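Novice: Could you have a look at this structure, given as structure tokens, before my questions?
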Amino acid sequence: MKIAILGAGAMGSLFGGLLAETGEQVTLLDINDAHLAVIAAHGLRLETDTGDRHVRNLQALRPSQATQVPDLLIVFTKSMHTRAALASVRQLIGPSTYVLTLQNGLGNVEALASVVPQERILVGVTTWPADLAGPGHVRSHGAGVIRMMTADGVDRPMLERVVCVLSDAGLRSQADANVWGAVWEKVAFNAALNPLCTVLNRPVDALGAVEDGPALALTIVEEVLAVARASGVNVDAIKVSENVRHAIVAHRGHKPSMLQDVLAGRPTEIESINGAVVVAARRHGVRVPHTETLMQLVRLVQAQSTHPQTP
Ligand code: NAD
């Protein structure tokens, strides 16, 4: 399969590297010139539980340099960069190109629908983890799963092909008719833990210091899942609450990407997580005061870090 990956940071590089290793024709598309230059010179360094190696049979280009129309375009920018990134690859989206988003947050399908018809959009969530260790070097330890569906819910042959291609690359995947349940459950998890850690400037396990931490996180989960239900989505509240409790105990020292972005002075995905929940809550008349307060606090924190005040 000809696969282009738009946004080849941590996740895009992991997926691209593993897919190239199984013989797919992979092109990484990114605007991080240092990352592209290292990959072009030395290959992509891929460090996973199966070893530390360099993958050389892939291309790494700026979006404007790409010319080959892919069968599948996987979008792995952060959500706030999706529209600009897609606009720069319009020339690559052919009449049979499918576009897959496994990004976190809400609103990703709407962004993709600006360049490709609904029937060629695949949407899903992934629990595979990845970190960019440096230019040209991605690290991923542990395992995850991908759950996906077509955006319009119609089962098409390409869905099964993509599930097989990803699974063959070691990225365990499954088609899931209730993909929107999976999307909202992950949004609830992220809306609770990412902003709390970001506002505290502490890793996930710090939320267990006093009982107020888990209590606040679980209140946010309840708010987000109430909005999901009001939107007609079937969600498993017990599973999400258990995952949140488990993360607070088990994810020792882990700084969520939202906190990492703030620490690096980058914008965060707050608008597509808590922000999008607040918008949907207003539409359905659901009250989400804790989710909204955290959104406001993260906006404030983000404003300080991306525009530091002079003393
Ligand atoms: P990342 O910041 O490491 O990678 C994003 C990449 O997009 C960067 O390399 C950046 O240069 C590139 N980019 C930005 N604008 C671009 C443009 N206009 N054109 C091309 N490339 C552009 O982010 P990530 O951690 O890989 O996360 C990607 C998505 O996956 C996010 O929605 C995130 O929430 C989600 N996710 C991440 C993980 C994880 O463990 N990292 C796990 C599950 C889901």
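Every chain in the structure tokens has a letter given in the order shown (A, B, ...), and although residue numbers restart at 1 in each chain, ligands are simply numbered from 1 in the order shown.
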List every residue of region 24-272 of chain A that DSSP, applied to the backbone of this structure, places in strand (DSSP E), and write the result as an MDAnalysis selection string.

Specialist: chainID A and resid 25:29 44:48 51:55 58:61 72:75 98:101 121:126 131:134 137:140 146:150 173:175

Novice: When the cut-off is 9 Å and you count only C-alpha atoms and all ligand atoms, which residues lie near ligand 1, shown as a PyMOL selection string?

Specialist: chain A and resi 5-14+28-33+35+62-63+75-89+101-105+108+125-132+140+190+256-258+261+269

Novice: Those residues with C-alpha atoms, as a compact mmCIF listing (two decimals), in the first residue's frame please?

Specialist:
# COMPACT_ATOMS: atom_id res chain seq x y z
CA ILE A 5 1.89 10.16 6.93
CA LEU A 6 1.04 13.79 7.52
CA GLY A 7 2.67 14.91 10.76
CA ALA A 8 5.59 12.56 11.35
CA GLY A 9 6.35 13.40 14.97
CA ALA A 10 6.21 10.74 17.68
CA MET A 11 3.17 8.79 16.45
CA GLY A 12 3.59 9.44 12.74
CA SER A 13 7.21 8.26 12.83
CA LEU A 14 6.32 5.15 14.86
CA LEU A 28 6.68 10.83 6.00
CA LEU A 29 5.49 14.43 5.55
CA ASP A 30 6.49 17.01 8.13
CA ILE A 31 7.70 20.59 8.52
CA ASN A 32 10.36 19.79 11.13
CA ASP A 33 13.45 20.20 8.93
CA HIS A 35 13.88 15.64 11.83
CA ARG A 62 8.12 18.52 3.34
CA PRO A 63 4.44 18.36 2.25
CA VAL A 75 -2.98 12.32 9.72
CA PHE A 76 -0.86 12.55 12.87
CA THR A 77 -0.37 16.27 13.43
CA LYS A 78 -1.57 17.71 16.72
CA SER A 79 -5.25 18.59 16.20
CA MET A 80 -4.71 22.39 16.05
CA HIS A 81 -2.42 21.93 13.04
CA THR A 82 -4.65 19.57 11.05
CA ARG A 83 -6.37 22.09 8.75
CA ALA A 84 -3.16 23.89 7.76
CA ALA A 85 -1.37 20.59 7.19
CA LEU A 86 -4.21 19.20 5.06
CA ALA A 87 -4.33 22.37 2.98
CA SER A 88 -0.67 21.80 2.09
CA VAL A 89 -1.32 18.26 0.73
CA THR A 101 -7.21 10.11 11.70
CA LEU A 102 -6.19 8.52 15.00
CA GLN A 103 -5.57 11.91 16.64
CA ASN A 104 -6.87 12.67 20.11
CA GLY A 105 -9.79 15.01 20.71
CA ASN A 108 -10.83 15.70 13.55
CA VAL A 125 -8.36 6.00 18.48
CA THR A 126 -5.11 4.43 19.48
CA THR A 127 -3.55 3.59 22.80
CA TRP A 128 -0.11 2.89 21.25
CA PRO A 129 2.37 5.24 22.96
CA ALA A 130 5.30 7.10 21.35
CA ASP A 131 7.83 9.81 22.18
CA LEU A 132 10.19 11.67 19.89
CA SER A 140 7.82 3.44 21.92
CA ASN A 190 -7.64 13.07 28.47
CA PRO A 256 0.98 13.99 29.60
CA SER A 257 1.68 15.55 26.20
CA MET A 258 -0.34 18.66 27.15
CA ASP A 261 3.76 21.04 25.19
CA GLU A 269 -4.66 20.37 22.21

Novice: Considering only C-alpha atoms, return as a VMD selection string whatever protein or nucleic-acid residues lie within 8 Å of region 192-206 of chain A, sequence-local ones (same chain, fewer than 3 positions apart) excluded.

Specialist: chain A and resid 188 to 189 209 216 to 218 220 to 221 244 247 to 259 262 270 291 294 to 295 297 to 298 301

Novice: Fewer than 5 positions away in the same chain doesn't count, so skip those; otherwise give me all residues within 8 Å of Ile121 (chain A), counting only C-alpha atoms, as a list in words.

Specialist: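 Final neighbour list, sorted by chain and number: Tyr98, Val99, Leu100, Thr101, Val109, Leu112, Ala113, Val116, Thr150 and Ala151 of chain A.
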
Novice: Could you dump the residues just selected with all heavy atoms as a compact mmCIF listing (two decimals), in the first residue's frame?

Specialist:
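again_17.txt was written with the following content:
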# COMPACT_ATOMS: atom_id res chain seq x y z
N TYR A 98 -7.88 7.27 0.69
CA TYR A 98 -8.57 7.31 2.00
C TYR A 98 -7.71 8.10 2.99
O TYR A 98 -6.48 8.11 2.88
CB TYR A 98 -8.76 5.89 2.54
CG TYR A 98 -10.04 5.23 2.05
CD1 TYR A 98 -10.17 4.82 0.74
CD2 TYR A 98 -11.12 5.05 2.90
CE1 TYR A 98 -11.34 4.23 0.27
CE2 TYR A 98 -12.30 4.47 2.46
CZ TYR A 98 -12.41 4.05 1.15
OH TYR A 98 -13.56 3.50 0.70
N VAL A 99 -8.36 8.76 3.93
CA VAL A 99 -7.63 9.53 4.94
C VAL A 99 -8.04 9.02 6.32
O VAL A 99 -9.24 8.90 6.62
CB VAL A 99 -7.92 11.04 4.82
CG1 VAL A 99 -7.05 11.84 5.80
CG2 VAL A 99 -7.66 11.53 3.39
N LEU A 100 -7.05 8.68 7.12
CA LEU A 100 -7.29 8.12 8.46
C LEU A 100 -6.82 9.09 9.53
O LEU A 100 -5.69 9.58 9.47
CB LEU A 100 -6.52 6.80 8.60
CG LEU A 100 -6.34 6.22 10.01
CD1 LEU A 100 -7.68 5.78 10.62
CD2 LEU A 100 -5.38 5.02 9.99
N THR A 101 -7.66 9.37 10.53
CA THR A 101 -7.21 10.11 11.70
C THR A 101 -7.31 9.24 12.94
O THR A 101 -8.35 8.62 13.19
CB THR A 101 -8.01 11.41 11.95
OG1 THR A 101 -7.65 11.92 13.24
CG2 THR A 101 -9.52 11.21 11.91
N VAL A 109 -12.65 14.62 12.32
CA VAL A 109 -13.34 14.23 11.09
C VAL A 109 -13.82 15.47 10.35
O VAL A 109 -13.71 15.55 9.11
CB VAL A 109 -14.52 13.29 11.42
CG1 VAL A 109 -15.46 13.15 10.23
CG2 VAL A 109 -13.99 11.92 11.83
N LEU A 112 -10.96 16.84 8.43
CA LEU A 112 -10.65 16.03 7.24
C LEU A 112 -11.68 16.23 6.15
O LEU A 112 -11.36 16.21 4.95
CB LEU A 112 -10.59 14.54 7.63
CG LEU A 112 -9.22 13.97 8.01
CD1 LEU A 112 -8.52 14.79 9.05
CD2 LEU A 112 -9.36 12.52 8.46
N ALA A 113 -12.95 16.43 6.56
CA ALA A 113 -14.03 16.56 5.59
C ALA A 113 -13.88 17.82 4.74
O ALA A 113 -14.56 17.95 3.71
CB ALA A 113 -15.38 16.55 6.30
N VAL A 116 -11.67 15.87 1.88
CA VAL A 116 -11.99 14.54 1.34
C VAL A 116 -13.44 14.19 1.72
O VAL A 116 -13.88 14.56 2.81
CB VAL A 116 -10.96 13.49 1.87
CG1 VAL A 116 -11.10 13.26 3.35
CG2 VAL A 116 -11.06 12.18 1.13
N THR A 150 -15.26 3.60 9.44
CA THR A 150 -15.45 4.67 8.46
C THR A 150 -16.23 5.78 9.15
O THR A 150 -17.03 5.53 10.05
CB THR A 150 -16.25 4.15 7.25
OG1 THR A 150 -17.42 3.51 7.77
CG2 THR A 150 -15.46 3.16 6.42
N ALA A 151 -16.00 7.04 8.71
CA ALA A 151 -16.66 8.16 9.40
C ALA A 151 -18.17 8.10 9.26
O ALA A 151 -18.89 8.56 10.14
CB ALA A 151 -16.12 9.48 8.84

Novice: Do a neighbour search on Ser231 (chain A) at 10 Å with only C-alpha atoms, toss out local chain neighbours closer than 6 positions, and write the hits as a list in words.

Specialist: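 Once the nearby chain positions are removed, what remains is Leu225, Ala280, Ala281, Arg283 and His284 of chain A.
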
Novice: If DSSP is run on the backbone, what residues of region 144-217 of chain A are alpha helix (DSSP H)? A reply as a ChimeraX atom specification would be ideal.

Specialist: /A:157-168,179-200,212-217

Novice: Residues within 7 Å of region 168-172 of chain A, please, as a list in words. Count only C-alpha atoms; anything in the same chain fewer than 3 positions from it doesn't count.

Specialist: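 Near region 168-172 of chain A, the qualifying residues are Leu18, Leu19, Thr22, Gly144, Val145, Ile146, Cys164 and Val165 of chain A.
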
Novice: Output the selection as a short mmCIF file (atom, residue, chain, number, x, y, z; two decimals), in the first residue's frame - C-alpha atoms for each residue.

Specialist:
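result_5.cif was written with the following content:
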data_model
loop_
_atom_site.label_atom_id
_atom_site.label_comp_id
_atom_site.auth_asym_id
_atom_site.auth_seq_id
_atom_site.Cartn_x
_atom_site.Cartn_y
_atom_site.Cartn_z
CA LEU A 18 6.72 0.00 11.45
CA LEU A 19 4.73 0.10 8.19
CA THR A 22 6.70 -4.67 6.67
CA GLY A 144 -1.64 -0.65 22.52
CA VAL A 145 -4.63 -1.15 20.28
CA ILE A 146 -6.29 0.76 17.44
CA CYS A 164 -4.85 -5.77 8.24
CA VAL A 165 -1.96 -3.56 7.06
#

Novice: To one decimal in Å, tell me the separation between CA of Gly181 (chain A) and CA of Ser272 (chain A).

Specialist: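 About the pair CA of Gly181 (chain A) and CA of Ser272 (chain A): they are 16.4 Å apart.
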
Novice: Return the single residue from A:Gly275, A:Gly51, A:Gly17, A:Pro70 that is closest to Met1 (chain A), with distances computed using only C-alpha atoms.

Specialist: A:Pro70

Novice: Counting only C-alpha atoms, figure out which residue out of A:Ile39, A:Glu223, A:Val233, A:His246 gets nearest to Arg287 (chain A).

Specialist: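 Counting only C-alpha atoms, the residue closest to Arg287 (chain A) is A:Glu223.
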